[in-house]
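Colleague: Below is the structure I would like to discuss, written out as structure tokens.
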Amino acid sequence: MRRIALALAVLAAVHARCQVDDSTPGWFSFDIPGLDVPPGSPVDLSALVQEPAGSHGFLRVENGHFVDGAGQRVRLIGTNVTGDSCFPDPEQGERLARRLRQWGFNCLRLHFMDFTRAGSIWQDPKTGALSEEQLVRLDHFMDACARNGIYLDLNLHVSRDYPGQPQIPGSRLLTMGKTLDRWYDPYIAMIEDYARGLLDRKSTVTGVRWGDNPAIGCIEINNENTLINEIRADYRKLPDPWAAALTAKWTAWLKNKYQTDAALRAAWNRDVQPLGDELLAGRTWVAETAGGAVSTLVQDGDVWRWTATKAGTAFWNLQMQVKNLHVAPGRYTFSFRARSKTGNRLSHTLMLDRDPWGTVGLRASLDLTPEWQDFSITTPVVAPSVDGPLRLNFSLGNTVGEVEFADFSLRPGGGRGLPADQSLEAGMRIPDDDVVDDVANDWCAFLIDTEMATTRRLVRFLKEDLKCRAPIADTQVTYGGAGGVRRESEICDYIDSHSYWEHPSYVRNEKGWVTDFRIKNTTQVSSPSGGALSGLACNRVAGLPFSVSEYNTPAPNDHGAELFPLLAAMAALQDWDALYSYTYRDFGKDYENTALKKYFHLIGRADLLVHIPAAVHLFRLGAMTPAPETTSVSLPLDQVPALTRSHYRLSGLWSELGGDLGSTWLRRWELHVRPTGQPEVLDALPHAEGIQAAGPVRWFPTDPAGPWFSLNVPSVRLLIGHVGGRTFPVGDTTFSVADRPWPRDLPAYACISLAALDGLPVAESRRLLLAASARTENHNMLWNETRTSVVGKDGWGQGPTLSEGVPLLLTLPGKTFTAYALDPLGQPGKAIQVTGSQLRLRSEDQTLWVLIERE
């Protein structure tokens with residue numbers, strides 16, 4: 001009997017993991033090509049392009065938005081190509097450019113061209129010599145994109161490792177040259193040389209210098225790269241000449257501010273406080289896990305041994321905590337000893353132990369070694385955004401390993417000032433972690449000023465030396481917190497940002513290589529805070545265009561279909577300016593291979609591709625008008641260093657001021673940069689409850705029957721969420737979604753878009769596109785039991801992909817109509833059942849999109 005029971009259990013597990021094949025009911029092949037398809041299909045949006053990109057001159061900024069040379073507003077929507085995907089052969093590049101035009105895209109980001117492996121833009125990355133062969137390919141591809149109305153976002157430094165750059169054992173901070181080229185002059189000069197090699201080049205196709213090509217819509221200097229962060233622990237390990245160069249800049253900055261040692265000593269020592277009573281006496285630490293993570297915590301005498309043996313689905317799933325702390329605002333010092341035989345990276349913070357879980361102080365990240373190290377940090381502790389207990393929290397960042405601790409101490413007061421062995425004449429070292437606020441704020445201000453000096457130098461070089469006229473961003477605004485907002489708004493032409501809904505949480509081995517991943521695998525519609533999209537809205541700066549140059553719900557998330565509709569709806573409501581999905585192809589040139597093999601590339605993901613036309617209509621064509629009201633928060637420049645330290649994520653500042661992040665679906669959000677003052681709300685702060693009653697958006701993230709979202713604007717309807725087995729009126733249109741099996745204890749998920757291709761109201765339109773999708777997977781993808789990762793080297797399964805149909809009944813207003821299933825090329829096929837005003841889509845129709853026509 002035991003053998004029979006075990007065999008049945010194994011069969012059940014295998015059945016749960018081998019998700020779909022050709023025999024799975026409701027699933028069918030729907031492979032949408034990555035390159036151009038025969039023109040003229042109902043979903044071919046090529047006609048939106050009437051002339052080449054840049055025909056009226058360079059894009060520029062006017063009244064806070066991008067306009068073309070004729071002064072006409074331009075909204076950009078498109079995608080990325082990554083690594084060697086940027087260098088297709090001329091024929092393939094022509095087909096790719098035509099395909100992007102067919103999707104209705106009008107922008108493309110050239111990303112990761114400077115990676116330091118075979119197939120990159122380099123002939124020799126050590127010398128900076130560029131490959132003429134690759135540049136010629138790029139000449140042809142850029143010309144093809146321009147002729148098809150596609151503006152290019154040219155990235156400069158993304159991933160190049162600089163010649164001879166240092167490495168810090170156990171740290172990924174300097175990977176791909178990060179942080180170093182924000183201050184180290186030889187590496188800044190290498191960015192200038194690289195930019196000159198590109199922008200001073202004359203195209204072998206058009207004869208036009210790249211810097212004079214108006215099809216280059218914008219330039220990003222750096223990708224996800226900032227010095228403005230808590231880098232002290234890593235930077236103390238820098239060898240010379242880098243360490244000497246940085247401390248020389250730090251000493252010079254302090255000399256400029258204070259002039260004398262006496263002034264420096266008075267400023268840094270005035271707030272040194274004695275340590276108060278111990279607050280952790282008698283307290284017990286506990287291990288906290290979620291998302292399937294497994295860890296144990298054992299006390300062995302004075303040593304606590306925390307062993308994590310299984311990762312969870314999110315970065316916060318492996319935590320160690322002391323709970324139920326109540327401390328008044330003020331300064332506190334936290335100290336302990338730690339070691340890790342597995343060399344883990346660890347972070348700690350004091351935070352609210354209830355929703356919305358915000359940090360209140362004592363935040364730091366540490367690289368542990370097998371040897372014992374002493375750690376001490378002193379920071380202000382602020383009041384939480386809502387009343388409730390606090391917890392002192394360690395996180396392993398969802399990485400397995402073993403950490404040992406001893407000698408925990410949490411005491412009020414503390415903080416070091418000017419060390420006795422340092423002076424302006426002798427030179428200053430990088431401050432310790434337990435310094436007083438005056439020291440920490442000076443260090444943060446130094447990092448901001450140093451990075452901004454580099455930004456000014458590079459922007460000036462591009463505009464004055466290379467005569468570039470395209471709008472320029474330095475790096476993403478979230479890199480640097482409030483300091484990033486100051487850098488981008490003060491020096492650059494527009495604001496750029498990145499975000500991902502449920503980016504994979506990677507499991508790495510001791511060499512730092514990714515060996516596995518975890519995702520929570522939920523719909524963004526279920527996030528009461530609005531998820532990644534609301535986080536983006538917190539960084540919009542008034543008076544400047546706002547661009548999102550990377551966004552995705554990465555594979556293999558079961559809810560990836562919502563990528564384009566939700567992004568376009570939020571961007572239209574917030575009145576943003578540029579959207580780039582990440583990425584059409586993530587390395588490699590096999591654009592015709594539709595098998596899913598990577599997290600980010602879009603080719604093969606039919607579930608999300610079928611909603612691109614609706615997204616183009618919503619955002620690029622303005623089918624959804626911006627929200628009429630605005631909520632604003634002031635950001636005083638004189639408070640930027642302190643705010644950078646206390647609210648590195650500006651969503652925390654919005655929340656502290658009373659903002660309901662979910663209300664970004666109700667009003668436009670923006671920051672107003674001011675010279676002085678305190679952060680304050682400039683308009684009324686709405687609450688997300690209003691979204692359930694009025695306006696074009698209806699959103700119920702906590703509906704007990706299943707979270708859902710709908711959008712009703714004249715020419716577009718959306719319905720997204722766990723909607724199986726229910727009926728939803730969306731304006732004058734009704735969707736009745738059939739029930740079907742779903743792998744979790746929720747109604748079946750669906751993403752449904754209805755767009756009038758002629759731009760008329762739905763009741764009057766003569767041609768509409770209905771897209772209804774759920775999941776797209778490879779054959780025999782091997783999910784784990786919690787559906788948060790795939791299992792084994794063959795876990796991704798094999799191509800071609802299969803897609804899940806969404807049976808539904810659609811009731812339309814207006815005159816009678818006919819409907820036809822579209823094939824993966826977008827060509828009409830067999831008729832879809834229509835009775836009166838109702839269209840019935842069945843799984844056996846084997847399509848993800850339907851053409852609806854009226855005479």
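Every chain in the structure tokens has a letter given in the order shown (A, B, ...), and although residue numbers restart at 1 in each chain, ligands are simply numbered from 1 in the order shown.
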Can I get the residues of region 404-511 of chain A within 9 Å of region 228-231 of chain A, each with the closest pair of atoms and their distance in Å to one decimal, using only C-alpha atoms, sorted chain first then ascending number, as JSON lines?
Modeller:
{"residue": "A:Cys444", "atom": "CA", "partner": "A:Ile228", "partner_atom": "CA", "distance": 7.0}
{"residue": "A:Ala445", "atom": "CA", "partner": "A:Ile228", "partner_atom": "CA", "distance": 8.9}
{"residue": "A:Leu447", "atom": "CA", "partner": "A:Ile228", "partner_atom": "CA", "distance": 5.6}
{"residue": "A:Ile448", "atom": "CA", "partner": "A:Ile228", "partner_atom": "CA", "distance": 6.0}
{"residue": "A:Glu451", "atom": "CA", "partner": "A:Ile228", "partner_atom": "CA", "distance": 7.6}
{"residue": "A:Tyr479", "atom": "CA", "partner": "A:Ile228", "partner_atom": "CA", "distance": 7.3}
{"residue": "A:Gly480", "atom": "CA", "partner": "A:Ile228", "partner_atom": "CA", "distance": 4.8}
{"residue": "A:Gly481", "atom": "CA", "partner": "A:Ile228", "partner_atom": "CA", "distance": 7.8}
{"residue": "A:Gly483", "atom": "CA", "partner": "A:Ile228", "partner_atom": "CA", "distance": 7.0}
{"residue": "A:Gly484", "atom": "CA", "partner": "A:Ile228", "partner_atom": "CA", "distance": 7.8}
Colleague: If you count only C-alpha atoms, which residues fall within 9 Å of Ala215 (chain A), apart from same-chain ones fewer than 6 positions away, as a ChimeraX atom specification?
Modeller: /A:52-55,57-59,142-143,145-146,149-152,470
Colleague: Generate the output file for the selected residues, N, CA, C and O atoms, as a short mmCIF file (atom, residue, chain, number, x, y, z; two decimals), in the first residue's frame.
Modeller:
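See selection.cif below for the written result:
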data_model
loop_
_atom_site.label_atom_id
_atom_site.label_comp_id
_atom_site.auth_asym_id
_atom_site.auth_seq_id
_atom_site.Cartn_x
_atom_site.Cartn_y
_atom_site.Cartn_z
N PRO A 52 9.37 59.27 -42.36
CA PRO A 52 10.48 58.76 -41.55
C PRO A 52 10.62 59.50 -40.22
O PRO A 52 10.22 60.66 -40.09
N ALA A 53 11.19 58.81 -39.24
CA ALA A 53 11.47 59.45 -37.95
C ALA A 53 12.44 60.60 -38.16
O ALA A 53 13.43 60.48 -38.89
N GLY A 54 12.16 61.72 -37.53
CA GLY A 54 13.04 62.88 -37.64
C GLY A 54 12.80 63.73 -38.86
O GLY A 54 13.60 64.64 -39.13
N SER A 55 11.73 63.49 -39.60
CA SER A 55 11.47 64.27 -40.82
C SER A 55 11.33 65.75 -40.54
O SER A 55 11.63 66.59 -41.40
N GLY A 57 12.87 67.23 -37.95
CA GLY A 57 13.96 67.65 -37.09
C GLY A 57 14.00 66.86 -35.79
O GLY A 57 13.23 65.91 -35.58
N PHE A 58 14.89 67.24 -34.92
CA PHE A 58 15.10 66.52 -33.67
C PHE A 58 13.91 66.66 -32.72
O PHE A 58 13.23 67.71 -32.71
N LEU A 59 13.69 65.62 -31.94
CA LEU A 59 12.78 65.76 -30.81
C LEU A 59 13.37 66.77 -29.84
O LEU A 59 14.58 66.87 -29.67
N MET A 142 19.88 51.26 -38.22
CA MET A 142 19.37 52.57 -37.84
C MET A 142 18.64 53.23 -39.00
O MET A 142 17.59 53.87 -38.82
N ASP A 143 19.16 53.07 -40.20
CA ASP A 143 18.49 53.63 -41.37
C ASP A 143 17.15 52.96 -41.60
O ASP A 143 16.15 53.64 -41.90
N CYS A 145 15.23 51.55 -39.36
CA CYS A 145 14.31 52.03 -38.33
C CYS A 145 13.80 53.43 -38.66
O CYS A 145 12.60 53.71 -38.56
N ALA A 146 14.70 54.31 -39.05
CA ALA A 146 14.29 55.69 -39.36
C ALA A 146 13.26 55.71 -40.48
O ALA A 146 12.26 56.43 -40.42
N GLY A 149 9.81 55.01 -39.40
CA GLY A 149 9.22 55.90 -38.41
C GLY A 149 9.57 55.60 -36.98
O GLY A 149 8.84 55.99 -36.06
N ILE A 150 10.70 54.94 -36.76
CA ILE A 150 11.07 54.50 -35.42
C ILE A 150 12.25 55.32 -34.92
O ILE A 150 13.34 55.28 -35.50
N TYR A 151 12.01 56.08 -33.84
CA TYR A 151 13.08 56.83 -33.19
C TYR A 151 13.94 55.87 -32.37
O TYR A 151 13.46 54.86 -31.84
N LEU A 152 15.22 56.22 -32.22
CA LEU A 152 16.17 55.37 -31.52
C LEU A 152 16.63 56.02 -30.22
O LEU A 152 16.95 57.22 -30.19
N ALA A 470 19.85 65.72 -29.59
CA ALA A 470 18.83 64.85 -29.02
C ALA A 470 18.71 65.08 -27.51
O ALA A 470 19.71 65.39 -26.85
#
Colleague: Just list the residues in region 359-487 of chain A DSSP gives helix (DSSP H, G or I) on the backbone, as JSON, numbers by chain.
Modeller: {"A": [437, 438, 439, 440, 441, 442, 443, 444, 445, 446, 447, 448, 449, 450, 451, 452, 453, 454, 455, 456, 457, 458, 459, 460, 461, 462, 463, 464, 465, 481, 482, 483, 484, 485, 486, 487]}
Colleague: Excluding same-chain residues fewer than 2 positions from region 549-562 of chain A, what lies within 9 Å of it counting only C-alpha atoms, as a compact mmCIF listing (two decimals) with N, CA, C and O atoms, in the first residue's frame?
Modeller:
# COMPACT_ATOMS: atom_id res chain seq x y z
N THR A 79 10.01 49.27 -27.77
CA THR A 79 10.66 48.18 -27.07
C THR A 79 12.17 48.35 -27.10
O THR A 79 12.67 49.39 -27.54
N ASN A 80 12.89 47.36 -26.59
CA ASN A 80 14.35 47.32 -26.59
C ASN A 80 14.82 46.19 -27.50
O ASN A 80 14.09 45.22 -27.74
N ARG A 109 14.98 51.07 -28.25
CA ARG A 109 16.14 51.35 -27.40
C ARG A 109 17.25 50.37 -27.74
O ARG A 109 17.05 49.15 -27.67
N ASP A 153 16.65 55.21 -29.17
CA ASP A 153 17.22 55.62 -27.88
C ASP A 153 18.60 54.98 -27.81
O ASP A 153 18.73 53.76 -27.69
N GLN A 476 18.78 56.32 -14.70
CA GLN A 476 17.40 56.26 -14.23
C GLN A 476 17.25 57.04 -12.93
O GLN A 476 18.11 56.99 -12.05
N ASP A 496 13.95 59.56 -16.78
CA ASP A 496 13.77 58.17 -17.21
C ASP A 496 13.73 57.26 -16.00
O ASP A 496 14.36 57.55 -14.97
N SER A 497 12.99 56.15 -16.12
CA SER A 497 12.89 55.22 -15.01
C SER A 497 12.68 53.81 -15.54
O SER A 497 12.33 53.62 -16.71
N HIS A 498 12.90 52.82 -14.69
CA HIS A 498 12.68 51.41 -14.99
C HIS A 498 11.79 50.81 -13.92
O HIS A 498 11.83 51.23 -12.76
N SER A 499 11.04 49.78 -14.30
CA SER A 499 10.32 49.02 -13.29
C SER A 499 9.88 47.68 -13.88
O SER A 499 9.70 47.56 -15.11
N TYR A 500 9.71 46.72 -12.99
CA TYR A 500 9.26 45.39 -13.37
C TYR A 500 8.25 44.92 -12.33
O TYR A 500 8.46 45.11 -11.14
N TRP A 501 7.18 44.31 -12.81
CA TRP A 501 6.29 43.64 -11.89
C TRP A 501 6.82 42.22 -11.68
O TRP A 501 6.89 41.44 -12.61
N GLU A 502 7.20 41.92 -10.45
CA GLU A 502 7.71 40.62 -10.06
C GLU A 502 8.91 40.18 -10.90
O GLU A 502 8.90 39.14 -11.56
N HIS A 503 9.92 41.04 -10.86
CA HIS A 503 11.21 40.69 -11.44
C HIS A 503 11.69 39.41 -10.77
O HIS A 503 11.56 39.24 -9.56
N PRO A 504 12.27 38.47 -11.51
CA PRO A 504 12.75 37.25 -10.86
C PRO A 504 13.73 37.56 -9.74
O PRO A 504 14.58 38.44 -9.85
N ILE A 519 9.68 33.60 -8.56
CA ILE A 519 8.72 34.69 -8.76
C ILE A 519 7.52 34.43 -7.85
O ILE A 519 7.22 33.28 -7.52
N LYS A 520 6.86 35.47 -7.44
CA LYS A 520 5.66 35.30 -6.63
C LYS A 520 4.51 34.78 -7.49
O LYS A 520 3.65 34.03 -7.04
N ASN A 521 4.48 35.22 -8.75
CA ASN A 521 3.50 34.76 -9.74
C ASN A 521 2.08 35.19 -9.40
O ASN A 521 1.18 34.38 -9.18
N THR A 522 1.89 36.52 -9.37
CA THR A 522 0.57 37.10 -9.15
C THR A 522 0.32 38.18 -10.19
O THR A 522 1.22 38.63 -10.88
N THR A 523 -0.93 38.60 -10.28
CA THR A 523 -1.28 39.72 -11.14
C THR A 523 -1.06 41.04 -10.41
O THR A 523 -1.33 41.15 -9.21
N GLN A 524 -0.60 42.03 -11.14
CA GLN A 524 -0.41 43.36 -10.55
C GLN A 524 -1.74 43.96 -10.11
O GLN A 524 -1.78 44.80 -9.21
N SER A 547 9.89 59.21 -19.12
CA SER A 547 10.12 58.04 -19.96
C SER A 547 10.29 56.81 -19.08
O SER A 547 10.89 56.88 -18.01
N PHE A 564 1.27 45.15 -21.53
CA PHE A 564 1.01 46.34 -22.35
C PHE A 564 -0.25 47.09 -21.95
O PHE A 564 -0.22 48.33 -21.85
N PRO A 565 -1.38 46.43 -21.70
CA PRO A 565 -2.59 47.22 -21.35
C PRO A 565 -2.43 48.03 -20.07
O PRO A 565 -2.81 49.22 -20.04
N LEU A 566 -1.89 47.44 -19.00
CA LEU A 566 -1.75 48.19 -17.76
C LEU A 566 -0.73 49.31 -17.89
O LEU A 566 -0.95 50.42 -17.40
N LEU A 567 0.40 49.03 -18.53
CA LEU A 567 1.42 50.08 -18.72
C LEU A 567 0.86 51.24 -19.52
O LEU A 567 1.03 52.41 -19.15
N ALA A 578 7.10 58.41 -22.93
CA ALA A 578 7.78 57.35 -23.68
C ALA A 578 7.71 56.05 -22.89
O ALA A 578 7.95 56.04 -21.68
N LEU A 579 7.40 54.96 -23.61
CA LEU A 579 7.30 53.63 -23.01
C LEU A 579 8.11 52.65 -23.84
O LEU A 579 7.92 52.55 -25.06
N TYR A 580 8.97 51.89 -23.19
CA TYR A 580 9.76 50.86 -23.86
C TYR A 580 9.60 49.54 -23.10
O TYR A 580 10.05 49.43 -21.95
N SER A 581 8.95 48.58 -23.70
CA SER A 581 8.92 47.26 -23.10
C SER A 581 10.32 46.65 -23.18
O SER A 581 11.08 46.94 -24.10
N TYR A 582 10.63 45.81 -22.20
CA TYR A 582 11.96 45.21 -22.16
C TYR A 582 11.83 43.68 -22.22
O TYR A 582 11.28 43.09 -21.31
N THR A 583 12.31 43.05 -23.26
CA THR A 583 12.99 43.53 -24.44
C THR A 583 12.49 42.65 -25.59
O THR A 583 12.17 41.48 -25.36
N LEU A 596 10.18 30.08 -25.58
CA LEU A 596 10.49 30.88 -24.40
C LEU A 596 11.71 30.30 -23.71
O LEU A 596 11.68 29.16 -23.26
N LYS A 597 12.77 31.07 -23.64
CA LYS A 597 14.00 30.60 -23.01
C LYS A 597 14.56 31.60 -22.01
O LYS A 597 15.47 31.28 -21.27
N LYS A 598 14.05 32.81 -22.01
CA LYS A 598 14.58 33.83 -21.11
C LYS A 598 13.43 34.59 -20.47
O LYS A 598 12.31 34.58 -20.96
N TYR A 599 13.77 35.28 -19.41
CA TYR A 599 12.74 35.99 -18.64
C TYR A 599 12.14 37.17 -19.40
O TYR A 599 10.96 37.47 -19.27
N PHE A 600 12.97 37.87 -20.18
CA PHE A 600 12.60 39.21 -20.61
C PHE A 600 12.18 39.34 -22.07
O PHE A 600 11.44 40.26 -22.39
N HIS A 601 12.68 38.48 -22.97
CA HIS A 601 12.34 38.82 -24.35
C HIS A 601 10.89 38.48 -24.69
O HIS A 601 10.32 37.53 -24.19
N LEU A 602 10.32 39.34 -25.53
CA LEU A 602 8.89 39.32 -25.79
C LEU A 602 8.51 38.38 -26.91
O LEU A 602 7.36 37.91 -26.96
N ARG A 605 5.85 35.36 -26.81
CA ARG A 605 4.84 35.55 -25.76
C ARG A 605 3.55 36.09 -26.37
O ARG A 605 3.19 37.26 -26.23
N ALA A 606 2.85 35.20 -27.05
CA ALA A 606 1.63 35.60 -27.76
C ALA A 606 0.60 36.19 -26.82
O ALA A 606 -0.19 37.06 -27.22
N ASP A 607 0.58 35.73 -25.55
CA ASP A 607 -0.41 36.23 -24.60
C ASP A 607 -0.33 37.73 -24.43
O ASP A 607 -1.35 38.40 -24.24
N LEU A 608 0.87 38.32 -24.51
CA LEU A 608 0.99 39.77 -24.34
C LEU A 608 1.06 40.51 -25.68
O LEU A 608 0.63 41.66 -25.78
N LEU A 609 1.59 39.86 -26.73
CA LEU A 609 1.74 40.54 -28.02
C LEU A 609 0.38 40.93 -28.60
O LEU A 609 0.26 41.98 -29.25
N VAL A 610 -0.65 40.14 -28.37
CA VAL A 610 -1.95 40.43 -28.99
C VAL A 610 -2.59 41.69 -28.43
O VAL A 610 -3.55 42.22 -29.03
N HIS A 611 -2.08 42.21 -27.31
CA HIS A 611 -2.67 43.42 -26.72
C HIS A 611 -1.90 44.69 -27.10
O HIS A 611 -2.27 45.78 -26.65
N ILE A 720 -9.20 42.91 -16.82
CA ILE A 720 -8.00 42.16 -16.46
C ILE A 720 -8.16 41.64 -15.03
O ILE A 720 -8.60 42.38 -14.14
N GLY A 721 -7.79 40.39 -14.82
CA GLY A 721 -7.78 39.86 -13.46
C GLY A 721 -8.30 38.44 -13.41
O GLY A 721 -8.42 37.75 -14.42
N TYR A 749 -7.65 33.41 -14.58
CA TYR A 749 -7.18 34.73 -14.97
C TYR A 749 -7.44 34.96 -16.46
O TYR A 749 -7.39 34.03 -17.28
N ALA A 750 -7.68 36.22 -16.82
CA ALA A 750 -7.79 36.60 -18.23
C ALA A 750 -7.38 38.06 -18.39
O ALA A 750 -7.54 38.87 -17.47
N CYS A 751 -6.84 38.36 -19.56
CA CYS A 751 -6.57 39.74 -19.96
C CYS A 751 -7.30 39.96 -21.27
O CYS A 751 -7.03 39.28 -22.27
N ILE A 752 -8.25 40.90 -21.27
CA ILE A 752 -9.12 41.12 -22.43
C ILE A 752 -9.04 42.59 -22.82
O ILE A 752 -9.18 43.48 -21.97
N SER A 773 -6.60 36.70 -23.80
CA SER A 773 -5.51 35.76 -23.57
C SER A 773 -5.35 35.50 -22.08
O SER A 773 -5.86 36.25 -21.24
N ALA A 774 -4.61 34.46 -21.78
CA ALA A 774 -4.24 34.15 -20.40
C ALA A 774 -2.77 33.77 -20.36
O ALA A 774 -1.91 34.63 -20.27
N ARG A 775 -2.46 32.48 -20.52
CA ARG A 775 -1.08 32.02 -20.42
C ARG A 775 -0.54 31.58 -21.78
O ARG A 775 -1.28 31.06 -22.61
N THR A 776 0.75 31.78 -21.97
CA THR A 776 1.50 31.20 -23.08
C THR A 776 2.72 30.50 -22.49
O THR A 776 3.45 31.09 -21.70
N GLU A 777 2.92 29.23 -22.87
CA GLU A 777 4.02 28.45 -22.33
C GLU A 777 4.66 27.61 -23.43
O GLU A 777 4.04 27.34 -24.46
N THR A 788 6.29 28.78 -8.70
CA THR A 788 7.11 29.99 -8.51
C THR A 788 8.45 29.89 -9.22
O THR A 788 9.24 30.81 -9.18
N SER A 789 8.72 28.75 -9.86
CA SER A 789 9.94 28.58 -10.62
C SER A 789 9.77 27.35 -11.50
O SER A 789 8.76 26.64 -11.40
N VAL A 790 10.74 27.12 -12.37
CA VAL A 790 10.75 25.89 -13.15
C VAL A 790 11.85 24.99 -12.62
O VAL A 790 12.78 25.45 -11.95
N TRP A 796 12.26 24.90 -18.64
CA TRP A 796 11.54 25.82 -19.53
C TRP A 796 10.77 25.09 -20.62
O TRP A 796 9.98 25.71 -21.33
Colleague: Measuring atom to atom with only C-alpha atoms, identify which of A:Ala406, A:His140, A:Leu851, A:Pro743 is nearest to Leu822 (chain A).
Modeller: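 Residue with the minimum atom-to-atom distance to Leu822 (chain A): A:Leu851.
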Colleague: Could you give me, as a ChimeraX atom specification, the residues within 12 Å of Gln422 (chain A), counting only C-alpha atoms and dropping anything in the same chain fewer than 5 positions from it?
Modeller: /A:247,251,261,264-265,417,427-431
Colleague: Hey, what's within 10 Å of Gly330 (chain A) if we count only C-alpha atoms and toss same-chain stuff fewer than 4 positions away? As an MDAnalysis selection string, please?
Modeller: chainID A and resid 361 379:383 412:413
Colleague: When you draw a straight line from CA of Arg147 (chain A) to CA of Asp586 (chain A), how long is it in Å?
Modeller: 23.8 Å
Colleague: Fewer than 6 positions away in the same chain doesn't count, so skip those; otherwise give me all residues within 8 Å of region 311-326 of chain A, counting only C-alpha atoms, as a count of residues only.
Modeller: 34
Colleague: Using only C-alpha atoms, which of the listed residues (A:Thr333, A:Thr24, A:Thr450, A:Thr816) sits closest to Lys249 (chain A)?
Modeller: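 Counting only C-alpha atoms, the residue closest to Lys249 (chain A) is A:Thr450.
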Colleague: Given only C-alpha atoms as the basis, pick out the residue of A:Asp465, A:Glu844, A:Asp68, A:Asp434 nearest to Pro214 (chain A).
Modeller: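 The closest residue to Pro214 (chain A) is A:Asp68.
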Colleague: Can you list, as a list of chain:residue names, every protein, DNA or RNA residue that comes within 7 Å of Trp103 (chain A) when you count only C-alpha atoms, leaving out same-chain residues fewer than 4 positions away?
Modeller: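 Counting only the stated atoms, we get A:Asp44, A:Leu45, A:Arg99, A:Ile612, A:Pro613.
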Colleague: Considering only C-alpha atoms, can you say which of A:Ile77, A:Ala338, A:Pro42, A:Ala252 comes closest to Arg767 (chain A)?
Modeller: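 Among the listed residues, A:Pro42 lies closest to Arg767 (chain A).
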Colleague: What is the CA of Leu808 (chain A)-CA of Pro38 (chain A) distance in Å, reported with one decimal?
Modeller: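 These atoms are spaced 29.2 Å apart.
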Colleague: Pick the closest to Asp36 (chain A) from A:Gly658, A:Pro679, A:Pro824, A:Pro813: which is it, counting only C-alpha atoms?
Modeller: A:Pro824
Colleague: Please identify the strand (DSSP E) residues within region 794-836 of chain A (assignment by DSSP from backbone atoms) and present them as an MDAnalysis selection string.
Modeller: chainID A and resid 798:804 808:811 818:822 828:831 833:835
Colleague: I need the residue nearest Ala328 (chain A) from this list: A:Arg411, A:Glu656, A:Asp21, A:Leu573. Use only C-alpha atoms for the distance.
Modeller: A:Arg411
Colleague: Using only C-alpha atoms, I'd like a table of the residues in region 561-594 of chain A that come within 12 Å of region 537-543 of chain A; for each, show the closest atom pair and its distance in Å rounded to one decimal, ordered by chain and ascending number, as JSON lines.
Modeller:
{"residue": "A:Leu567", "atom": "CA", "partner": "A:Ala537", "partner_atom": "CA", "distance": 11.2}
{"residue": "A:Met570", "atom": "CA", "partner": "A:Ala537", "partner_atom": "CA", "distance": 8.6}
{"residue": "A:Ala571", "atom": "CA", "partner": "A:Ala537", "partner_atom": "CA", "distance": 8.8}
{"residue": "A:Ala572", "atom": "CA", "partner": "A:Ala537", "partner_atom": "CA", "distance": 11.7}
{"residue": "A:Leu573", "atom": "CA", "partner": "A:Ala537", "partner_atom": "CA", "distance": 10.4}
{"residue": "A:Gln574", "atom": "CA", "partner": "A:Ala537", "partner_atom": "CA", "distance": 7.5}
{"residue": "A:Asp575", "atom": "CA", "partner": "A:Arg540", "partner_atom": "CA", "distance": 10.0}
{"residue": "A:Trp576", "atom": "CA", "partner": "A:Arg540", "partner_atom": "CA", "distance": 8.4}
{"residue": "A:Asp577", "atom": "CA", "partner": "A:Arg540", "partner_atom": "CA", "distance": 10.7}
